[in-house]
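Pasted below: run.txt, compact mmCIF, C-alpha atoms.
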# COMPACT_ATOMS: atom_id res chain seq x y z
CA MET T 161 -1.61 -9.02 22.24
CA ARG T 162 -1.86 -6.11 19.79
CA VAL T 163 1.37 -4.15 19.54
CA THR T 164 1.52 -0.95 17.51
CA ILE T 165 4.75 0.64 16.35
CA PHE T 166 4.55 4.37 15.69
CA ASP T 167 6.18 4.69 12.26
CA TYR T 168 7.77 8.14 11.90
CA GLY T 169 8.86 7.14 8.40
CA ALA T 170 12.57 7.43 9.07
CA GLY T 171 14.23 4.06 9.11
CA ASN T 172 14.43 0.36 9.77
CA LEU T 173 11.49 -1.13 11.68
CA HIS T 174 11.98 -4.58 10.26
CA SER T 175 14.04 -6.25 12.99
CA LEU T 176 11.91 -4.68 15.70
CA GLU T 177 8.69 -5.95 14.11
CA LYS T 178 10.12 -9.43 13.77
CA ALA T 179 11.47 -9.51 17.35
CA LEU T 180 8.01 -8.52 18.64
CA VAL T 181 6.33 -11.16 16.48
CA LEU T 182 8.75 -13.76 17.82
CA ALA T 183 7.61 -12.72 21.30
CA GLY T 184 4.06 -13.64 20.33
CA ALA T 185 2.62 -10.23 19.51
CA THR T 186 0.37 -9.19 16.65
CA VAL T 187 2.30 -6.25 15.28
CA ARG T 188 1.32 -3.36 13.04
CA ALA T 189 3.23 -0.24 12.04
CA GLU T 190 1.05 2.88 12.09
CA SER T 191 2.05 6.30 10.79
CA ASP T 192 -0.94 8.13 12.34
CA PRO T 193 0.00 8.85 15.98
CA LEU T 194 -3.64 9.10 17.13
CA ARG T 195 -4.56 5.72 15.68
CA CYS T 196 -1.46 4.32 17.42
CA LEU T 197 -3.31 4.67 20.71
CA ASP T 198 -5.85 2.01 19.74
CA THR T 199 -3.57 -0.80 20.93
CA ASP T 200 -2.61 -3.00 23.87
CA VAL T 201 1.02 -1.90 23.77
CA LEU T 202 2.53 1.16 22.06
CA VAL T 203 6.11 1.01 20.78
CA LEU T 204 8.07 4.15 19.92
CA PRO T 205 10.95 2.92 17.74
CA GLY T 206 14.50 4.15 17.66
CA VAL T 207 15.20 5.49 14.23
CA GLY T 208 15.53 8.98 12.81
CA ALA T 209 16.07 12.43 14.26
CA PHE T 210 14.21 14.11 17.16
CA GLY T 211 12.90 17.16 15.29
CA HIS T 212 11.35 15.13 12.50
CA ALA T 213 9.76 12.64 14.93
CA ALA T 214 8.43 15.46 17.16
CA THR T 215 6.73 17.00 14.13
CA ARG T 216 5.06 13.71 13.28
CA LEU T 217 4.05 13.27 16.91
CA ALA T 218 2.70 16.82 17.38
CA PRO T 219 -0.99 16.27 16.41
CA ALA T 220 -1.34 13.53 19.04
CA ARG T 221 1.12 14.75 21.61
CA SER T 222 -1.26 15.52 24.46
CA ALA T 223 -3.47 12.50 23.72
CA MET T 224 -0.49 10.15 23.73
CA ALA T 225 0.95 11.69 26.90
CA ALA T 226 -2.44 11.30 28.62
CA ALA T 227 -2.68 7.68 27.47
CA LEU T 228 0.75 6.85 28.91
CA GLU T 229 -0.06 8.69 32.16
CA GLY T 230 -3.31 6.74 32.24
CA GLY T 231 -1.46 3.43 32.16
CA LEU T 232 -1.21 2.42 28.48
CA PRO T 233 1.82 0.08 28.38
CA ALA T 234 4.55 1.53 26.16
CA ILE T 235 8.11 0.74 25.15
CA GLY T 236 10.37 3.51 23.83
CA ILE T 237 13.62 2.56 22.14
CA CYS T 238 16.57 4.96 21.59
CA LEU T 239 14.92 8.02 19.93
CA GLY T 240 11.61 6.55 21.12
CA MET T 241 12.86 6.76 24.71
CA GLN T 242 14.03 10.33 24.13
CA LEU T 243 10.53 11.26 22.93
CA LEU T 244 9.25 10.50 26.45
CA PHE T 245 11.15 13.60 27.62
CA GLU T 246 10.35 17.29 27.21
CA SER T 247 12.73 18.51 24.52
CA SER T 248 16.04 17.79 22.78
CA ASP T 249 19.19 19.59 21.74
CA GLU T 250 19.03 17.54 18.55
CA GLY T 251 16.06 19.36 17.09
CA ALA T 252 13.09 21.61 17.59
CA GLY T 253 9.71 20.49 18.87
CA CYS T 254 8.33 18.91 22.01
CA GLY T 255 8.52 15.38 23.24
CA LEU T 256 5.72 13.80 25.25
CA GLY T 257 7.09 15.17 28.52
CA VAL T 258 5.86 12.22 30.59
CA ILE T 259 9.35 12.10 32.13
CA GLY T 260 10.80 15.41 33.26
CA GLY T 261 14.11 16.43 31.72
CA ARG T 262 15.88 17.10 28.43
CA VAL T 263 17.79 15.23 25.76
CA GLU T 264 21.38 16.41 25.39
CA ARG T 265 24.41 15.56 23.29
CA LEU T 266 26.78 12.93 24.72
CA VAL T 267 29.79 14.51 26.37
CA ALA T 268 32.51 12.35 24.79
CA THR T 269 35.18 12.46 22.12
CA ARG T 270 33.79 9.59 20.04
CA VAL T 271 30.28 10.64 19.03
CA PRO T 272 28.07 8.98 17.85
CA GLN T 273 28.42 6.15 20.31
CA ILE T 274 28.27 3.17 17.98
CA GLY T 275 28.82 -0.25 19.44
CA TRP T 276 28.39 -2.58 22.38
CA ASN T 277 28.41 -1.27 25.94
CA THR T 278 27.55 -2.69 29.36
CA LEU T 279 24.83 -1.84 31.88
CA GLU T 280 25.66 -0.58 35.36
CA GLU T 281 23.57 -0.64 38.51
CA GLY T 282 20.80 -2.36 36.66
CA VAL T 283 18.01 -2.60 39.22
CA ASP T 284 15.27 -2.90 36.63
CA PRO T 285 13.17 -6.02 37.38
CA LEU T 286 13.29 -6.99 33.68
CA LEU T 287 17.01 -7.61 34.02
CA ASN T 288 16.28 -10.39 36.50
CA VAL T 289 14.02 -12.08 33.97
CA ALA T 290 16.22 -11.36 30.93
CA PRO T 291 19.78 -10.44 31.94
CA LEU T 292 21.82 -8.27 29.57
CA SER T 293 25.60 -8.27 29.65
CA TRP T 294 26.17 -6.28 26.45
CA VAL T 295 23.80 -3.98 24.61
CA TYR T 296 24.10 -2.25 21.24
CA TYR T 297 24.00 1.55 21.11
CA ALA T 298 23.87 3.88 18.09
CA ASN T 299 23.26 7.37 19.46
CA SER T 300 24.69 10.85 19.69
CA PHE T 301 22.17 12.07 22.28
CA VAL T 302 21.16 10.84 25.74
CA THR T 303 18.48 11.75 28.25
CA ARG T 304 19.05 13.85 31.39
CA PRO T 305 16.07 13.06 33.66
CA ALA T 306 15.05 15.63 36.23
CA ARG T 307 14.66 12.87 38.80
CA ALA T 308 17.24 10.06 39.14
CA GLU T 309 14.46 7.76 40.44
CA SER T 310 13.19 7.43 36.86
CA VAL T 311 16.36 5.54 35.97
CA THR T 312 16.60 1.77 36.51
CA ALA T 313 19.91 1.12 34.71
CA TRP T 314 22.84 3.25 33.56
CA SER T 315 25.67 3.02 31.02
CA THR T 316 28.80 5.11 30.58
CA HIS T 317 30.38 6.21 27.30
CA GLU T 318 33.89 7.51 27.91
CA GLY T 319 33.23 9.72 30.95
CA ASP T 320 29.55 10.39 30.39
CA ARG T 321 27.16 8.34 32.53
CA PHE T 322 23.66 8.24 31.03
CA PRO T 323 20.34 6.44 31.59
CA ALA T 324 20.12 3.07 29.82
CA VAL T 325 16.63 2.22 31.11
CA VAL T 326 13.93 4.57 32.45
CA ARG T 327 10.48 3.89 33.86
CA HIS T 328 7.29 5.87 34.29
CA ALA T 329 3.78 4.51 34.93
CA ARG T 330 3.67 1.47 32.62
CA THR T 331 6.20 2.94 30.19
CA ILE T 332 9.69 1.50 29.73
CA GLY T 333 12.34 3.47 27.87
CA VAL T 334 15.64 1.94 26.73
CA GLN T 335 18.46 3.95 25.15
CA PHE T 336 20.04 0.86 23.56
CA HIS T 337 18.59 -1.27 20.76
CA PRO T 338 17.33 -4.58 22.19
CA GLU T 339 16.33 -5.68 18.68
CA LYS T 340 20.01 -5.32 17.66
CA SER T 341 21.53 -6.78 20.84
CA SER T 342 21.45 -10.35 19.55
CA ALA T 343 19.61 -13.19 21.31
CA ALA T 344 19.79 -11.63 24.78
CA GLY T 345 18.29 -8.40 23.47
CA VAL T 346 15.41 -10.22 21.80
CA ARG T 347 14.74 -12.06 25.08
CA PHE T 348 14.72 -8.71 26.92
CA LEU T 349 12.16 -7.34 24.48
CA ALA T 350 10.00 -10.43 24.96
CA ALA T 351 10.21 -9.98 28.74
CA ALA T 352 9.21 -6.33 28.41
CA LEU T 353 6.18 -7.35 26.34
CA ALA T 354 5.26 -10.03 28.86
CA GLU T 355 5.38 -7.44 31.61
CA CYS T 356 3.15 -5.12 29.54
CA SER T 357 0.53 -7.84 29.19
CA GLY T 358 0.68 -8.77 32.88
CA MET L 104 33.25 1.34 30.89
CA THR L 105 34.31 1.71 27.34
CA LEU L 106 32.79 0.32 24.17
CA ALA L 107 33.81 -3.17 23.14
CA ARG L 108 35.97 -3.42 20.03
CA ARG L 109 33.89 -4.96 17.28
CA ILE L 110 34.42 -7.82 14.83
CA ILE L 111 32.40 -7.26 11.68
CA ALA L 112 31.77 -10.05 9.20
CA CYS L 113 31.60 -8.85 5.59
CA LEU L 114 29.89 -10.71 2.78
CA ASP L 115 30.32 -9.78 -0.89
CA VAL L 116 26.99 -10.30 -2.58
CA ALA L 117 25.74 -10.06 -6.16
CA GLY L 118 22.18 -10.72 -7.19
CA GLY L 119 21.36 -11.67 -3.61
CA ARG L 120 23.98 -14.42 -3.45
CA VAL L 121 27.39 -14.70 -1.77
CA VAL L 122 29.95 -14.18 -4.49
CA LYS L 123 32.97 -15.97 -3.11
CA GLY L 124 32.48 -19.57 -2.14
CA THR L 125 32.76 -20.70 1.44
CA GLY L 126 34.46 -23.64 3.06
CA PHE L 127 31.47 -24.58 5.18
CA VAL L 128 30.11 -27.99 4.34
CA ASP L 129 27.34 -27.94 6.92
CA LEU L 130 25.39 -25.06 5.44
CA ARG L 131 22.20 -25.91 3.62
CA ASP L 132 23.03 -23.32 1.01
CA ALA L 133 26.54 -21.88 1.16
CA GLY L 134 25.53 -19.21 -1.33
CA ASP L 135 22.82 -17.72 0.86
CA PRO L 136 24.18 -14.64 2.67
CA MET L 137 21.41 -14.84 5.27
CA GLU L 138 22.46 -18.30 6.34
CA LEU L 139 26.09 -17.20 6.72
CA ALA L 140 25.09 -14.02 8.57
CA ALA L 141 23.06 -16.04 11.07
CA ARG L 142 25.98 -18.40 11.54
CA TYR L 143 28.37 -15.51 12.24
CA GLU L 144 25.90 -13.97 14.71
CA ARG L 145 25.80 -17.24 16.64
CA ASP L 146 29.61 -17.29 16.66
CA GLY L 147 29.75 -13.82 18.22
CA ALA L 148 30.04 -11.42 15.26
CA ASP L 149 29.10 -7.91 16.36
CA GLU L 150 27.80 -6.74 13.00
CA ILE L 151 27.23 -7.89 9.44
CA VAL L 152 28.12 -5.99 6.27
CA TYR L 153 26.64 -6.81 2.88
CA LEU L 154 28.76 -5.33 0.13
CA ASP L 155 26.79 -5.39 -3.10
CA ILE L 156 29.41 -5.76 -5.82
CA SER L 157 26.87 -6.06 -8.62
CA ALA L 158 24.97 -2.88 -7.75
CA GLY L 159 23.18 -2.88 -11.08
CA PRO L 160 19.65 -1.46 -10.98
CA GLU L 161 18.08 -4.79 -11.89
CA GLN L 162 19.83 -6.52 -9.01
CA ARG L 163 19.00 -3.81 -6.50
CA ALA L 164 15.54 -5.24 -5.81
CA THR L 165 17.09 -8.65 -5.14
CA LEU L 166 19.50 -7.11 -2.66
CA LEU L 167 16.74 -5.28 -0.80
CA GLU L 168 14.75 -8.51 -0.60
CA LEU L 169 17.81 -10.20 0.90
CA VAL L 170 18.27 -7.34 3.40
CA SER L 171 14.66 -7.65 4.43
CA ARG L 172 14.91 -11.40 4.93
CA THR L 173 18.14 -11.01 6.90
CA ALA L 174 16.70 -8.37 9.22
CA GLU L 175 13.97 -10.83 10.16
CA GLY L 176 16.41 -13.45 11.37
CA VAL L 177 19.62 -11.69 12.34
CA PHE L 178 19.45 -9.48 15.44
CA ILE L 179 22.75 -7.63 15.20
CA PRO L 180 23.36 -4.48 13.14
CA LEU L 181 23.38 -4.87 9.37
CA THR L 182 25.19 -2.45 7.06
CA VAL L 183 24.59 -2.36 3.32
CA GLY L 184 27.14 -0.85 0.95
CA GLY L 185 27.71 -0.71 -2.79
CA GLY L 186 25.88 1.39 -5.33
CA ILE L 187 24.30 3.82 -2.87
CA ARG L 188 24.09 7.09 -4.80
CA THR L 189 21.15 9.13 -3.48
CA CYS L 190 19.15 9.84 -0.33
CA ASP L 191 16.43 7.74 -1.84
CA ASP L 192 18.83 4.77 -2.09
CA VAL L 193 19.60 5.27 1.60
CA ARG L 194 15.91 5.40 2.48
CA ARG L 195 15.14 2.23 0.53
CA ALA L 196 18.00 0.31 2.18
CA LEU L 197 16.93 1.43 5.67
CA ARG L 198 13.27 0.66 5.01
CA ALA L 199 14.24 -2.79 3.76
CA GLY L 200 15.93 -3.51 7.08
CA ALA L 201 19.48 -2.13 6.98
CA ASP L 202 20.65 -0.33 10.13
CA LYS L 203 23.46 1.52 8.39
CA VAL L 204 24.31 2.38 4.83
CA GLY L 205 27.80 2.69 3.36
CA ILE L 206 28.38 5.52 0.88
CA ASN L 207 31.57 5.48 -1.18
CA SER L 208 32.04 6.91 -4.71
CA ALA L 209 28.87 9.02 -4.59
CA ALA L 210 30.22 10.92 -1.57
CA VAL L 211 33.39 11.81 -3.48
CA GLU L 212 31.34 13.12 -6.38
CA ARG L 213 28.95 14.99 -4.09
CA PRO L 214 30.06 15.34 -0.44
CA SER L 215 26.77 17.04 0.49
CA LEU L 216 25.09 13.64 0.07
CA LEU L 217 26.59 12.64 3.45
CA THR L 218 25.11 15.76 5.06
CA GLU L 219 21.69 15.33 3.47
CA ALA L 220 21.51 11.69 4.48
CA ALA L 221 22.72 12.39 8.03
CA ASP L 222 20.21 15.22 8.49
CA ARG L 223 17.39 13.02 7.37
CA PHE L 224 18.26 9.66 8.92
CA GLY L 225 20.81 10.50 11.63
CA SER L 226 24.62 10.28 11.52
CA GLN L 227 24.58 6.94 13.31
CA CYS L 228 23.33 5.18 10.17
CA ILE L 229 25.63 6.86 7.63
CA VAL L 230 28.94 5.07 7.02
CA ALA L 231 31.52 6.87 4.91
CA SER L 232 33.25 4.09 3.03
CA ILE L 233 36.78 4.95 1.87
CA ASP L 234 39.06 2.86 -0.35
CA ALA L 235 42.65 4.04 0.19
CA LYS L 236 45.84 3.15 -1.66
CA ARG L 237 49.42 4.05 -0.79
CA ARG L 238 50.96 6.65 -3.10
CA ALA L 239 53.68 5.18 -5.27
CA GLY L 240 57.08 6.22 -3.96
CA GLY L 241 55.75 8.76 -1.51
CA GLY L 242 54.10 9.01 1.86
CA GLY L 243 50.37 9.00 2.39
CA TRP L 244 47.38 7.46 0.71
CA ASP L 245 45.02 8.45 -2.09
CA VAL L 246 41.27 7.82 -2.23
CA TRP L 247 40.29 5.51 -5.09
CA VAL L 248 36.73 5.03 -6.36
CA GLY L 249 34.83 2.82 -8.77
CA GLY L 250 35.80 -0.36 -6.96
CA GLY L 251 39.45 0.71 -6.82
CA ARG L 252 39.73 1.58 -10.52
CA ARG L 253 40.11 5.34 -10.44
CA ASN L 254 42.43 7.54 -8.38
CA THR L 255 40.65 10.68 -7.20
CA GLY L 256 43.88 12.32 -6.06
CA LEU L 257 42.21 13.10 -2.74
CA ASP L 258 44.34 12.55 0.36
CA ALA L 259 42.68 9.72 2.29
CA VAL L 260 43.34 11.18 5.75
CA GLY L 261 42.02 14.61 4.80
CA TRP L 262 39.03 13.06 3.04
CA ALA L 263 38.19 11.01 6.15
CA ALA L 264 38.14 14.22 8.21
CA ARG L 265 35.87 15.87 5.63
CA CYS L 266 33.50 12.88 5.71
CA ALA L 267 33.28 13.14 9.49
CA ALA L 268 32.62 16.88 9.32
CA ALA L 269 29.98 16.36 6.61
CA GLY L 270 27.91 14.07 8.83
CA GLY L 271 29.34 10.58 8.43
CA GLY L 272 28.83 8.62 11.63
CA GLU L 273 31.51 6.04 10.99
CA ILE L 274 34.43 5.47 8.59
CA LEU L 275 34.84 2.10 6.87
CA LEU L 276 38.49 2.29 5.82
CA THR L 277 39.69 -0.27 3.31
CA SER L 278 43.31 -0.62 2.22
CA ILE L 279 43.29 -1.48 -1.48
CA ASP L 280 46.94 -2.61 -1.19
CA ARG L 281 46.08 -5.17 1.44
CA ASP L 282 42.57 -6.18 0.36
CA GLY L 283 42.62 -9.92 -0.36
CA ALA L 284 46.39 -10.15 0.22
CA ARG L 285 46.05 -11.66 3.70
CA THR L 286 49.29 -10.00 4.84
CA GLY L 287 47.68 -7.98 7.63
CA TYR L 288 45.79 -4.68 7.81
CA ASP L 289 47.51 -1.43 6.85
CA VAL L 290 48.08 -0.51 10.49
CA GLU L 291 49.75 2.82 9.70
CA LEU L 292 46.80 3.93 7.53
CA THR L 293 44.30 2.85 10.18
CA ARG L 294 46.22 4.50 13.01
CA THR L 295 46.62 7.76 11.09
CA VAL L 296 42.94 8.03 10.15
CA ALA L 297 41.65 6.91 13.57
CA SER L 298 43.72 9.56 15.30
CA GLU L 299 42.51 12.20 12.84
CA VAL L 300 38.74 11.73 13.23
CA ASP L 301 36.45 11.57 16.27
CA ILE L 302 33.96 9.12 14.77
CA PRO L 303 34.49 5.33 14.91
CA VAL L 304 36.84 3.83 12.33
CA VAL L 305 36.47 0.29 10.98
CA ALA L 306 39.74 -1.24 9.70
CA SER L 307 39.32 -3.29 6.54
CA GLY L 308 41.47 -5.19 4.07
CA GLY L 309 44.28 -7.64 4.69
CA ALA L 310 43.20 -9.97 7.47
CA GLY L 311 44.99 -13.30 6.99
CA THR L 312 45.02 -14.53 10.58
CA ALA L 313 43.42 -13.75 13.93
CA ALA L 314 46.77 -12.22 14.93
CA HIS L 315 46.36 -9.58 12.22
CA VAL L 316 43.11 -8.49 13.87
CA VAL L 317 44.89 -8.28 17.21
CA ASP L 318 47.65 -6.20 15.58
CA VAL L 319 45.35 -3.57 14.11
CA LEU L 320 43.20 -3.25 17.24
CA THR L 321 46.19 -2.99 19.60
CA GLN L 322 48.27 -0.69 17.38
CA SER L 323 45.53 1.74 16.37
CA ASP L 324 42.43 3.37 17.83
CA ALA L 325 40.15 1.63 15.33
CA ASP L 326 36.84 0.67 16.94
CA ALA L 327 36.32 -2.37 14.80
CA ALA L 328 37.93 -4.75 12.34
CA LEU L 329 36.19 -6.06 9.26
CA VAL L 330 36.87 -9.68 8.38
CA ALA L 331 35.76 -11.57 5.28
CA GLY L 332 37.64 -14.31 3.41
CA ILE L 333 39.32 -15.94 6.41
CA LEU L 334 35.91 -16.45 8.01
CA HIS L 335 34.27 -17.76 4.84
CA ASP L 336 36.98 -20.34 4.09
CA GLY L 337 37.22 -21.45 7.71
CA THR L 338 40.82 -20.26 8.27
CA THR L 339 39.59 -18.86 11.57
CA SER L 340 36.32 -17.94 13.26
CA VAL L 341 34.86 -14.94 15.04
CA SER L 342 35.05 -16.75 18.38
CA ALA L 343 38.70 -17.71 17.76
CA ILE L 344 39.55 -14.10 16.89
CA LYS L 345 37.82 -12.94 20.08
CA ARG L 346 39.80 -15.43 22.17
CA CYS L 347 43.04 -14.02 20.70
CA LEU L 348 41.84 -10.49 21.45
CA ALA L 349 41.02 -11.47 25.04
CA GLU L 350 44.57 -12.83 25.48
CA ALA L 351 45.86 -9.46 24.26
CA ASP L 352 43.60 -7.67 26.79
CA VAL L 353 41.41 -6.17 24.08
CA LEU L 354 37.83 -5.79 25.29
CA THR L 355 35.21 -7.44 23.10
CA ARG L 356 31.61 -8.42 23.60
CA ALA L 357 31.66 -11.94 24.96
CA SER L 358 29.84 -14.23 22.59
CA LEU L 359 26.72 -16.19 23.49
CA VAL L 360 25.45 -13.96 26.26
Let me see the file written as structure tokens.
Amino acid sequence: MRVTIFDYGAGNLHSLEKALVLAGATVRAESDPLRCLDTDVLVLPGVGAFGHAATRLAPARSAMAAALEGGLPAIGICLGMQLLFESSDEGAGCGLGVIGGRVERLVATRVPQIGWNTLEEGVDPLLNVAPLSWVYYANSFVTRPARAESVTAWSTHEGDRFPAVVRHARTIGVQFHPEKSSAAGVRFLAAALAECSG
Amino acid sequence: MTLARRIIACLDVAGGRVVKGTGFVDLRDAGDPMELAARYERDGADEIVYLDISAGPEQRATLLELVSRTAEGVFIPLTVGGGIRTCDDVRRALRAGADKVGINSAAVERPSLLTEAADRFGSQCIVASIDAKRRAGGGGWDVWVGGGRRNTGLDAVGWAARCAAAGGGEILLTSIDRDGARTGYDVELTRTVASEVDIPVVASGGAGTAAHVVDVLTQSDADAALVAGILHDGTTSVSAIKRCLAEADVLTRASLV
């Protein structure tokens, strides 16, 4: 299976690449968003800031949105999940908009949320295959979907309940970092890939 | 639900090797930081810190190679500190495979470095690393730099607040008085800083027993405790520390899930 990581040039893709390779994928990092679409599975990684990533995404925004709507399997992680939405308080520019709603700052005293949190009401089928008790978060912003049906698991930081996993077409978005959530997180990523190839 | 309190295993490295020896006889190579990091992950460590105490330019490439190798086999967050002076240093460490980068002396010399790095890479990966020492005869703590060799005269609590305002996403707070002494963390320092800033604070310096970790996490709002020597020499283990924390009703990530 060919997996392509969209490289916005911001940060660490190393662990993510390795976790995907361990799951049996042939992985490449690609900085051209249009060429990213020539793949079996697209991965939007979770590093950097929204404005910068939106700029890098801009030339291929409508093509990528159409590909995801058309059923290209995709996995968005942290910022990569936020890019599935329309816009963000973190920075200017447009996300893909395949899921309705905005990205907003966490309403909490301790921001960024850095550390291990739990999932609530996890009805996502992947959690049956690869259960997650604790997941690692490193984020100041969270998504506010227009429709709650998009959300298949939630987490809460202080008093703010936010989507941990979202779904649309064959796209999975996770706000946490599975590639940093130890062995269980790596198993979750492998299960997500397996679902993409199914 | 609230975040779990974290136990962070810290390794001092120079030229890509662990500097202080370890008491583990079952490691293939007790000097390989990667092997120790993987061991601590299996035992339930929530993060790994590599503190590069050589930080010479010629050894920088070796460190980045080590970071890269570690990121391929260790699937918990990895922070790299020591000798980070520019945005380009931050970029190189992140590209090599670090999740967070600790900035210490360079932030004192040029506080805008924290802001530039946070704007470019996000606050969540910028750790403001502060070495604090109690003022002789008086109250409060000063910020020391250069590996604890030079007093800046800055008030540590005020400096922590400035780091948070400048874009630091986390404070790694080391007590120079307690570092290596194994007499317990400086709880008062940790409590004072953690109540002053809204970003997570990592307590560091002084752990001699698992009970010391319990003390600092029950008597302050620190999010995490950094542990080094007592793990490396086998005095205690991450899982043993987490059992003590559980008995004290401190929430941690259960290991091996």
For chain T, the nearest of the candidates L:Ala221, L:Ile179, L:Val330, L:Val260, counting all atoms listed in the file: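 Counting all atoms listed in the file, the residue closest to chain T is L:Ile179.
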Would you kindly return, as a list of chain:residue names, each protein, DNA or RNA residue with an atom no farther than 7 Å from any atom of Pro272 of chain T, considering all atoms listed in the file and excluding same-chain residues fewer than 3 positions away?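 Here the answer would be T:Ala298, T:Asn299, T:Ser300, L:Gln227, L:Gly272, L:Ile302.
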Can you check which residues of chain T have any atom within 6 Å of chain L? Use all atoms listed in the file and format it as a count of residues only. 19
Excluding same-chain residues fewer than 4 positions from segment 282-289 of chain T, what lies within 12 Å of it counting only C-alpha atoms, as a VMD selection string? chain T and resid 278 293 to 294 309 to 315 323 to 327 332 to 334 344 to 345 347 to 356
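Take the candidates T:Gly261, T:Ser248, T:Gly255, T:Pro338 and check each one against Ala290 of chain T using all atoms listed in the file; the shortest distance goes to T:Pro338.
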Atom CA of Ile187 of chain L and atom CA of Ile206 of chain L, how far apart in Å?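 Taking atom CA of Ile206 of chain L and atom CA of Ile187 of chain L, their separation equals 5.8 Å.
Separating atom CA of Val116 of chain L from atom CA of Ser157 of chain L is a distance of 7.4 Å.
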Filled-in N, CA and C atoms of segment 107-123 of chain L, supplied as a compact mmCIF listing (two decimals), keeping the file's coordinate frame:
# COMPACT_ATOMS: atom_id res chain seq x y z
N ALA L 107 33.07 -2.00 23.59
CA ALA L 107 33.81 -3.17 23.14
C ALA L 107 34.32 -2.93 21.72
N ARG L 108 35.51 -3.46 21.42
CA ARG L 108 35.97 -3.42 20.03
C ARG L 108 35.17 -4.46 19.26
N ARG L 109 34.82 -4.12 18.04
CA ARG L 109 33.89 -4.96 17.28
C ARG L 109 34.57 -5.79 16.19
N ILE L 110 34.04 -6.98 15.98
CA ILE L 110 34.42 -7.82 14.83
C ILE L 110 33.23 -7.85 13.88
N ILE L 111 33.47 -7.39 12.67
CA ILE L 111 32.40 -7.26 11.68
C ILE L 111 32.64 -8.24 10.54
N ALA L 112 31.65 -9.08 10.29
CA ALA L 112 31.77 -10.05 9.20
C ALA L 112 31.20 -9.45 7.94
N CYS L 113 32.01 -9.46 6.87
CA CYS L 113 31.60 -8.85 5.59
C CYS L 113 31.36 -9.91 4.53
N LEU L 114 30.23 -9.79 3.86
CA LEU L 114 29.89 -10.71 2.78
C LEU L 114 29.75 -9.94 1.47
N ASP L 115 30.51 -10.35 0.45
CA ASP L 115 30.32 -9.78 -0.89
C ASP L 115 29.13 -10.48 -1.53
N VAL L 116 28.17 -9.69 -1.96
CA VAL L 116 26.99 -10.30 -2.58
C VAL L 116 26.75 -9.70 -3.96
N ALA L 117 26.17 -10.51 -4.83
CA ALA L 117 25.74 -10.06 -6.16
C ALA L 117 24.47 -10.83 -6.48
N GLY L 118 23.46 -10.07 -6.89
CA GLY L 118 22.18 -10.72 -7.19
C GLY L 118 21.64 -11.50 -6.01
N GLY L 119 21.92 -11.02 -4.79
CA GLY L 119 21.36 -11.67 -3.61
C GLY L 119 22.09 -12.92 -3.17
N ARG L 120 23.22 -13.22 -3.81
CA ARG L 120 23.98 -14.42 -3.45
C ARG L 120 25.39 -14.05 -3.00
N VAL L 121 26.00 -14.89 -2.13
CA VAL L 121 27.39 -14.70 -1.77
C VAL L 121 28.24 -14.96 -3.00
N VAL L 122 29.18 -14.04 -3.26
CA VAL L 122 29.95 -14.18 -4.49
C VAL L 122 31.07 -15.18 -4.34
N LYS L 123 31.87 -15.01 -3.29
CA LYS L 123 32.97 -15.97 -3.11
C LYS L 123 32.45 -17.19 -2.39
